[in-house]
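Structure record follows, encoded as structure tokens.
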Amino acid sequence: MIRRSPRIGARIATVLFRNYHVLAIESSCDDSAVCLIERTKDGRNRLVDHKKRTLNSAEVGGIIPSDALVHHLQNIAPLVREIMHENKLEKADMVCATRGPGMYASLSAGLNVAKGLAVAWNVPFVGVHHMLGHLLTPRFFSNGETPQFPFLSLLASGGHTMLVLSSSVVEHRVLANTLDIAIGDSLDKCAREIKLKGNVLGKELEVAAEEYLMKESSREFIIPQEKVEELQAIKFPKPLRNSSKRSNEVAFSFAGFITSVKTVLAKYPISNRDTQLILANSIQKAIMGHLVEKVRLACEVNSIKDMDFVLAGGVAANSALRNMLSDNLKSYDLNFHFPEVKWCTDNALMIGWAGVELYESAHLETDISVMPVAKWPLAEILDVDSWKPRSTPIG
Ligand code: ZN
């Protein structure tokens, strides 16, 4: 049985001789983000400042890589200048940037600014794995104490859906992964099918599902009751259930929901708000239900018990998912960590903190000749070039 051990990796042990500042840059997708973190000599963290500008893709209905590149080229350097000026700092003591995975051009834009700064300031540079950043985020707010290794993370976003068991900063085992598209992608596309509008469509789906629940409890639907019941009775698929062997598969699959929504819409077109709300709720419930059921299966198969559990990635902000996880996984004695919504989506704090953990506890930094890695499995953090032992402890 895998369970939490108080002896392993409980805290970062580095003794610092002075406070130091970390400048971090995230640019793997459509968010240009920079932040300044202060590590105090007694091992505590302070977020000095964080700035983020997101590319507006609402009009085009998806992220166009060349537009994302232009967005980063226009924003990262000015954001760095702003954050340094406003916080009256001339240099930082370490620079971190996302090395991958992500869109190659977007990654290059942030990485190159970071490399230039590390050269100019003559300070260590750490190239960070984006997903590592997501799963270590809650440790920033506990100064590296919780979650304790080994712990579980569910990374659920527009690009990823994976359940990870982390034994140390650099050792991660993917217990379940998606066989097709990511959960966030599926939520967005289903939301678009039922004609919801907005920059973050998955969020609009959640809002519509909440509106449904309010109308349901007060019976405020405008369409006739029998129509409401007919729409409520629509069943969405339970993926990987088409044979007994597949239903035991520890994996996720989200592509089928989009096909199924299209089929439903052929019979029940969106002709009013009530239909839209009822379908939004059923779709969200089906997608989240599949995710939670497979996480439960992974806990069962791997004999997981009494462990910290981090929900990370953009979809982690969904409160229906948070509730379903807590309700359905009670018997595994999991201690849930839900980072503040702001830190669940892409940000630079997670990159700065993962850089600090790599530097202080894995004693690593990255050579300045580093290139982006667009595809970089989480289980292979150390299997890429350009890692080197850190030069000297800062301070
Ligand atoms: Zn992300």
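Here, A, B, ... name the chains of the structure tokens in the order displayed, residue numbers run from 1 inside each chain, and ligands are numbered from 1 in the same displayed order.
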Can you pull out every residue with an atom within 7 Å of ligand 1? Use only C-alpha atoms and all ligand atoms and format it as an mmCIF file with N, CA and C atoms, in the first residue's frame.
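Written output follows (result37.cif):
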```cif
data_model
loop_
_atom_site.group_PDB
_atom_site.id
_atom_site.type_symbol
_atom_site.label_atom_id
_atom_site.label_comp_id
_atom_site.auth_asym_id
_atom_site.auth_seq_id
_atom_site.Cartn_x
_atom_site.Cartn_y
_atom_site.Cartn_z
ATOM 1 N N HIS A 130 6.541 22.799 -16.907
ATOM 2 C CA HIS A 130 5.284 23.510 -16.616
ATOM 3 C C HIS A 130 4.374 22.732 -15.649
ATOM 4 N N MET A 131 4.213 21.410 -15.892
ATOM 5 C CA MET A 131 3.289 20.641 -15.051
ATOM 6 C C MET A 131 3.852 20.457 -13.641
ATOM 7 N N HIS A 134 2.673 23.317 -11.722
ATOM 8 C CA HIS A 134 1.287 23.180 -11.249
ATOM 9 C C HIS A 134 1.212 22.319 -9.991
ATOM 10 N N SER A 157 -6.545 20.328 -17.072
ATOM 11 C CA SER A 157 -6.524 21.634 -17.735
ATOM 12 C C SER A 157 -6.952 21.478 -19.186
ATOM 13 N N GLY A 313 -4.278 22.766 -12.185
ATOM 14 C CA GLY A 313 -4.657 23.016 -13.579
ATOM 15 C C GLY A 313 -5.915 23.863 -13.634
ATOM 16 N N GLY A 314 -6.212 24.414 -14.805
ATOM 17 C CA GLY A 314 -7.332 25.347 -14.948
ATOM 18 C C GLY A 314 -8.673 24.776 -14.523
ATOM 19 N N THR A 345 -4.767 28.299 -12.451
ATOM 20 C CA THR A 345 -4.537 28.546 -13.874
ATOM 21 C C THR A 345 -3.061 28.898 -14.057
ATOM 22 N N ASP A 346 -2.627 29.012 -15.321
ATOM 23 C CA ASP A 346 -1.203 29.258 -15.575
ATOM 24 C C ASP A 346 -0.747 30.579 -14.947
#
```
**Q.** Those in region 68-290 of chain A with strand (DSSP E or B) from DSSP, as a ChimeraX atom specification
**A.** /A:94-100,125-129,151-156,161-168,171-178,252
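Nearest to Leu325 (chain A) of all the residues A:Ala105, A:Leu165, A:Leu154, A:Ala92 is A:Leu154, based on only C-alpha atoms.
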**Q.** Residues near Leu111 (chain A), cut-off 8 Å, only C-alpha atoms, skip fewer than 2 positions along chain, as a ChimeraX atom specification
**A.** /A:25,97-99,107-109,113-115,127,372
Suppose we keep all heavy atoms; can you now write the selection as a JSON list (two decimals), in the first residue's frame?
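After the write, out-v3.json holds the following:
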```
[["chain", "number", "residue", "atom", "x", "y", "z"],
["A", 25, "ILE", "N", 9.33, 33.58, -15.18],
["A", 25, "ILE", "CA", 8.54, 33.90, -16.39],
["A", 25, "ILE", "C", 7.82, 32.64, -16.87],
["A", 25, "ILE", "O", 8.41, 31.58, -16.98],
["A", 25, "ILE", "CB", 9.48, 34.40, -17.52],
["A", 25, "ILE", "CG1", 10.21, 35.68, -17.08],
["A", 25, "ILE", "CG2", 8.68, 34.64, -18.81],
["A", 25, "ILE", "CD1", 11.24, 36.18, -18.07],
["A", 97, "ALA", "N", 12.33, 30.10, -15.81],
["A", 97, "ALA", "CA", 11.34, 30.24, -16.88],
["A", 97, "ALA", "C", 10.84, 28.86, -17.26],
["A", 97, "ALA", "O", 11.52, 27.85, -17.05],
["A", 97, "ALA", "CB", 11.97, 30.91, -18.10],
["A", 98, "THR", "N", 9.64, 28.81, -17.84],
["A", 98, "THR", "CA", 9.09, 27.54, -18.31],
["A", 98, "THR", "C", 9.89, 27.07, -19.51],
["A", 98, "THR", "O", 10.03, 27.80, -20.49],
["A", 98, "THR", "CB", 7.62, 27.72, -18.71],
["A", 98, "THR", "OG1", 6.95, 28.40, -17.67],
["A", 98, "THR", "CG2", 6.96, 26.38, -18.98],
["A", 99, "ARG", "N", 10.41, 25.84, -19.44],
["A", 99, "ARG", "CA", 11.15, 25.27, -20.56],
["A", 99, "ARG", "C", 10.23, 24.43, -21.45],
["A", 99, "ARG", "O", 10.48, 24.25, -22.63],
["A", 99, "ARG", "CB", 12.30, 24.42, -20.02],
["A", 99, "ARG", "CG", 13.18, 23.91, -21.13],
["A", 99, "ARG", "CD", 14.28, 22.98, -20.68],
["A", 99, "ARG", "NE", 15.01, 22.55, -21.87],
["A", 99, "ARG", "CZ", 15.98, 21.68, -21.89],
["A", 99, "ARG", "NH1", 16.38, 21.13, -20.77],
["A", 99, "ARG", "NH2", 16.56, 21.34, -23.02],
["A", 107, "LEU", "N", 7.14, 29.23, -25.79],
["A", 107, "LEU", "CA", 8.17, 28.90, -24.80],
["A", 107, "LEU", "C", 9.45, 29.69, -25.08],
["A", 107, "LEU", "O", 10.06, 30.24, -24.17],
["A", 107, "LEU", "CB", 8.48, 27.40, -24.84],
["A", 107, "LEU", "CG", 7.39, 26.45, -24.31],
["A", 107, "LEU", "CD1", 7.67, 25.02, -24.75],
["A", 107, "LEU", "CD2", 7.30, 26.53, -22.79],
["A", 108, "SER", "N", 9.86, 29.75, -26.36],
["A", 108, "SER", "CA", 11.11, 30.44, -26.74],
["A", 108, "SER", "C", 11.08, 31.89, -26.30],
["A", 108, "SER", "O", 12.09, 32.42, -25.84],
["A", 108, "SER", "CB", 11.31, 30.45, -28.26],
["A", 108, "SER", "OG", 11.16, 29.18, -28.76],
["A", 109, "ALA", "N", 9.92, 32.54, -26.45],
["A", 109, "ALA", "CA", 9.83, 33.97, -26.14],
["A", 109, "ALA", "C", 10.18, 34.23, -24.68],
["A", 109, "ALA", "O", 10.99, 35.12, -24.38],
["A", 109, "ALA", "CB", 8.43, 34.48, -26.45],
["A", 113, "VAL", "N", 14.11, 35.71, -22.93],
["A", 113, "VAL", "CA", 14.21, 36.88, -22.04],
["A", 113, "VAL", "C", 14.90, 36.43, -20.75],
["A", 113, "VAL", "O", 15.81, 37.08, -20.24],
["A", 113, "VAL", "CB", 12.82, 37.49, -21.75],
["A", 113, "VAL", "CG1", 12.93, 38.57, -20.69],
["A", 113, "VAL", "CG2", 12.21, 38.06, -23.03],
["A", 114, "ALA", "N", 14.48, 35.28, -20.21],
["A", 114, "ALA", "CA", 15.03, 34.78, -18.94],
["A", 114, "ALA", "C", 16.53, 34.50, -19.07],
["A", 114, "ALA", "O", 17.31, 34.85, -18.17],
["A", 114, "ALA", "CB", 14.28, 33.52, -18.52],
["A", 115, "LYS", "N", 16.93, 33.86, -20.16],
["A", 115, "LYS", "CA", 18.36, 33.56, -20.36],
["A", 115, "LYS", "C", 19.17, 34.86, -20.43],
["A", 115, "LYS", "O", 20.23, 34.98, -19.82],
["A", 115, "LYS", "CB", 18.54, 32.75, -21.66],
["A", 115, "LYS", "CG", 18.16, 31.28, -21.51],
["A", 115, "LYS", "CD", 17.93, 30.59, -22.84],
["A", 115, "LYS", "CE", 19.16, 30.45, -23.69],
["A", 115, "LYS", "NZ", 18.93, 29.54, -24.85],
["A", 127, "GLY", "N", 15.41, 26.16, -15.84],
["A", 127, "GLY", "CA", 14.36, 25.92, -16.84],
["A", 127, "GLY", "C", 13.37, 24.91, -16.26],
["A", 127, "GLY", "O", 13.74, 23.78, -15.97],
["A", 372, "PRO", "N", 13.87, 25.17, -25.75],
["A", 372, "PRO", "CA", 12.56, 24.72, -25.28],
["A", 372, "PRO", "C", 12.33, 23.23, -25.57],
["A", 372, "PRO", "O", 12.94, 22.69, -26.49],
["A", 372, "PRO", "CB", 11.57, 25.55, -26.11],
["A", 372, "PRO", "CG", 12.35, 26.65, -26.71],
["A", 372, "PRO", "CD", 13.76, 26.16, -26.83]]
```
(Q) Can you pull out the residues contacting region 70-81 of chain A? Cut-off 8 Å, using only C-alpha atoms, and skip same-chain residues under 3 positions away; I want them as a PyMOL selection string. (A) chain A and resi 25+27+30-34+51+53+55+66-67+84-85+106+109-110+113
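Computed from the coordinates, the CA of Arg3 (chain A) to CA of Pro150 (chain A) distance equals 7.4 Å.
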Once you count only C-alpha atoms, what closest atom pair and distance in Å to one decimal does each residue of region 204-240 of chain A within 9 Å of region 261-277 of chain A have, with rows by chain and rising residue number, as a Markdown table?
```
| residue | atom | partner | partner_atom | distance |
| --- | --- | --- | --- | --- |
| A:Leu205 | CA | A:Leu277 | CA | 8.5 |
| A:Ala208 | CA | A:Leu277 | CA | 5.4 |
| A:Ala209 | CA | A:Leu277 | CA | 6.0 |
| A:Glu210 | CA | A:Leu277 | CA | 8.6 |
| A:Glu211 | CA | A:Leu277 | CA | 7.0 |
| A:Tyr212 | CA | A:Leu277 | CA | 5.2 |
| A:Leu213 | CA | A:Leu277 | CA | 8.9 |
| A:Lys215 | CA | A:Asp274 | CA | 8.9 |
| A:Phe221 | CA | A:Asp274 | CA | 6.4 |
| A:Ile222 | CA | A:Asp274 | CA | 7.0 |
| A:Ile223 | CA | A:Asp274 | CA | 6.9 |
| A:Lys227 | CA | A:Thr275 | CA | 8.9 |
| A:Val228 | CA | A:Thr275 | CA | 7.8 |
| A:Leu231 | CA | A:Thr275 | CA | 7.2 |
| A:Ile234 | CA | A:Val264 | CA | 8.0 |
| A:Phe236 | CA | A:Val261 | CA | 7.7 |
```
Selection to disk with all heavy atoms, as a tab-separated table (two decimals), in the first residue's frame:
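Saved to selection-v1.tsv:
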```
chain	number	residue	atom	x	y	z
A	205	LEU	N	-19.62	27.01	-18.89
A	205	LEU	CA	-20.38	25.78	-18.67
A	205	LEU	C	-20.69	25.62	-17.18
A	205	LEU	O	-21.81	25.28	-16.78
A	205	LEU	CB	-19.59	24.57	-19.19
A	205	LEU	CG	-20.36	23.26	-19.31
A	205	LEU	CD1	-21.32	23.30	-20.49
A	205	LEU	CD2	-19.40	22.08	-19.51
A	208	ALA	N	-23.35	28.12	-16.20
A	208	ALA	CA	-24.67	27.68	-16.69
A	208	ALA	C	-25.21	26.53	-15.83
A	208	ALA	O	-26.41	26.48	-15.51
A	208	ALA	CB	-24.57	27.26	-18.15
A	209	ALA	N	-24.32	25.60	-15.44
A	209	ALA	CA	-24.75	24.48	-14.60
A	209	ALA	C	-25.23	24.98	-13.24
A	209	ALA	O	-26.21	24.48	-12.68
A	209	ALA	CB	-23.61	23.48	-14.43
A	210	GLU	N	-24.55	26.02	-12.71
A	210	GLU	CA	-24.97	26.59	-11.42
A	210	GLU	C	-26.33	27.27	-11.54
A	210	GLU	O	-27.17	27.16	-10.66
A	210	GLU	CB	-23.92	27.59	-10.92
A	210	GLU	CG	-22.76	26.89	-10.21
A	210	GLU	CD	-21.56	27.79	-9.99
A	210	GLU	OE1	-21.65	29.00	-10.26
A	210	GLU	OE2	-20.51	27.25	-9.58
A	211	GLU	N	-26.51	27.97	-12.68
A	211	GLU	CA	-27.81	28.64	-12.91
A	211	GLU	C	-28.92	27.59	-13.01
A	211	GLU	O	-30.03	27.79	-12.50
A	211	GLU	CB	-27.72	29.45	-14.21
A	211	GLU	CG	-28.86	30.44	-14.36
A	211	GLU	CD	-28.77	31.27	-15.64
A	211	GLU	OE1	-27.64	31.51	-16.12
A	211	GLU	OE2	-29.83	31.64	-16.18
A	212	TYR	N	-28.60	26.44	-13.65
A	212	TYR	CA	-29.56	25.34	-13.74
A	212	TYR	C	-29.99	24.89	-12.34
A	212	TYR	O	-31.16	24.73	-12.04
A	212	TYR	CB	-28.96	24.15	-14.50
A	212	TYR	CG	-29.68	22.85	-14.25
A	212	TYR	CD1	-30.83	22.51	-14.96
A	212	TYR	CD2	-29.23	21.97	-13.25
A	212	TYR	CE1	-31.53	21.34	-14.69
A	212	TYR	CE2	-29.91	20.79	-12.98
A	212	TYR	CZ	-31.05	20.48	-13.70
A	212	TYR	OH	-31.74	19.33	-13.43
A	213	LEU	N	-28.99	24.69	-11.45
A	213	LEU	CA	-29.29	24.19	-10.11
A	213	LEU	C	-30.19	25.15	-9.34
A	213	LEU	O	-31.09	24.73	-8.61
A	213	LEU	CB	-27.99	23.91	-9.33
A	213	LEU	CG	-27.14	22.76	-9.88
A	213	LEU	CD1	-25.81	22.65	-9.15
A	213	LEU	CD2	-27.89	21.42	-9.78
A	215	LYS	N	-32.34	27.31	-10.73
A	215	LYS	CA	-33.68	27.25	-11.34
A	215	LYS	C	-34.38	25.96	-10.95
A	215	LYS	O	-35.60	25.93	-10.75
A	215	LYS	CB	-33.56	27.33	-12.86
A	215	LYS	CG	-33.36	28.73	-13.39
A	215	LYS	CD	-33.74	28.80	-14.86
A	215	LYS	CE	-33.87	30.24	-15.33
A	215	LYS	NZ	-34.38	30.36	-16.68
A	221	PHE	N	-38.27	27.13	-14.32
A	221	PHE	CA	-38.11	26.94	-15.77
A	221	PHE	C	-39.32	27.50	-16.52
A	221	PHE	O	-40.45	27.40	-16.05
A	221	PHE	CB	-37.94	25.45	-16.10
A	221	PHE	CG	-36.65	24.88	-15.57
A	221	PHE	CD1	-36.64	23.95	-14.53
A	221	PHE	CD2	-35.43	25.29	-16.11
A	221	PHE	CE1	-35.46	23.44	-14.04
A	221	PHE	CE2	-34.24	24.78	-15.62
A	221	PHE	CZ	-34.26	23.85	-14.57
A	222	ILE	N	-39.03	28.06	-17.68
A	222	ILE	CA	-40.11	28.65	-18.48
A	222	ILE	C	-40.74	27.58	-19.38
A	222	ILE	O	-41.94	27.58	-19.62
A	222	ILE	CB	-39.57	29.85	-19.30
A	222	ILE	CG1	-39.23	30.98	-18.32
A	222	ILE	CG2	-40.61	30.35	-20.32
A	222	ILE	CD1	-38.27	32.00	-18.83
A	223	ILE	N	-39.91	26.63	-19.83
A	223	ILE	CA	-40.45	25.57	-20.69
A	223	ILE	C	-41.31	24.61	-19.84
A	223	ILE	O	-41.12	24.52	-18.62
A	223	ILE	CB	-39.32	24.81	-21.43
A	223	ILE	CG1	-38.32	24.20	-20.44
A	223	ILE	CG2	-38.60	25.72	-22.42
A	223	ILE	CD1	-37.27	23.31	-21.09
A	227	LYS	N	-41.20	18.82	-20.65
A	227	LYS	CA	-40.03	19.05	-21.51
A	227	LYS	C	-38.75	19.07	-20.65
A	227	LYS	O	-37.72	18.52	-21.03
A	227	LYS	CB	-40.21	20.40	-22.23
A	227	LYS	CG	-39.18	20.67	-23.31
A	227	LYS	CD	-39.41	19.83	-24.53
A	227	LYS	CE	-38.29	20.01	-25.55
A	227	LYS	NZ	-38.33	19.00	-26.60
A	228	VAL	N	-38.86	19.70	-19.47
A	228	VAL	CA	-37.72	19.73	-18.54
A	228	VAL	C	-37.30	18.30	-18.22
A	228	VAL	O	-36.13	17.94	-18.30
A	228	VAL	CB	-38.09	20.48	-17.23
A	228	VAL	CG1	-37.01	20.31	-16.17
A	228	VAL	CG2	-38.33	21.96	-17.51
A	231	LEU	N	-35.57	16.50	-21.09
A	231	LEU	CA	-34.17	16.94	-21.26
A	231	LEU	C	-33.29	16.40	-20.14
A	231	LEU	O	-32.15	15.99	-20.36
A	231	LEU	CB	-34.10	18.47	-21.30
A	231	LEU	CG	-34.66	19.14	-22.56
A	231	LEU	CD1	-34.89	20.63	-22.32
A	231	LEU	CD2	-33.71	18.95	-23.74
A	234	ILE	N	-31.86	12.82	-20.57
A	234	ILE	CA	-30.86	12.51	-21.60
A	234	ILE	C	-29.59	11.97	-20.95
A	234	ILE	O	-29.07	12.57	-19.99
A	234	ILE	CB	-30.52	13.76	-22.44
A	234	ILE	CG1	-31.76	14.22	-23.21
A	234	ILE	CG2	-29.36	13.50	-23.39
A	234	ILE	CD1	-31.61	15.58	-23.87
A	236	PHE	N	-25.63	10.94	-21.12
A	236	PHE	CA	-24.36	11.12	-21.83
A	236	PHE	C	-23.49	9.90	-21.55
A	236	PHE	O	-23.70	9.19	-20.57
A	236	PHE	CB	-23.72	12.44	-21.40
A	236	PHE	CG	-24.43	13.62	-21.99
A	236	PHE	CD1	-25.40	14.30	-21.26
A	236	PHE	CD2	-24.19	14.02	-23.30
A	236	PHE	CE1	-26.10	15.37	-21.81
A	236	PHE	CE2	-24.87	15.09	-23.86
A	236	PHE	CZ	-25.83	15.76	-23.12
```
Q. Can you list, as an NGL selection string, every residue of region 30-74 of chain A that DSSP puts in alpha helix (DSSP H)?
A. :A and (65-74)
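A straight line drawn from CA of Lys91 (chain A) to CA of Ala120 (chain A) is 9.2 Å long.
Using only C-alpha atoms, the shortest contact distance between Glu293 (chain A) and any of A:Lys88, A:Lys238, A:Arg246, A:Arg192 is found at A:Lys238.
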Q | Selection: 12 Å around Pro239 (chain A), only C-alpha atoms, excl. self and same-chain fewer than 3 positions, as JSON, numbers by chain | A | {"A": [178, 179, 180, 236, 242, 243, 244, 246, 247, 248, 249, 250, 251, 252, 253, 254, 255, 256, 257, 258, 259, 260, 286, 287, 288, 289, 290, 291, 293, 294]}
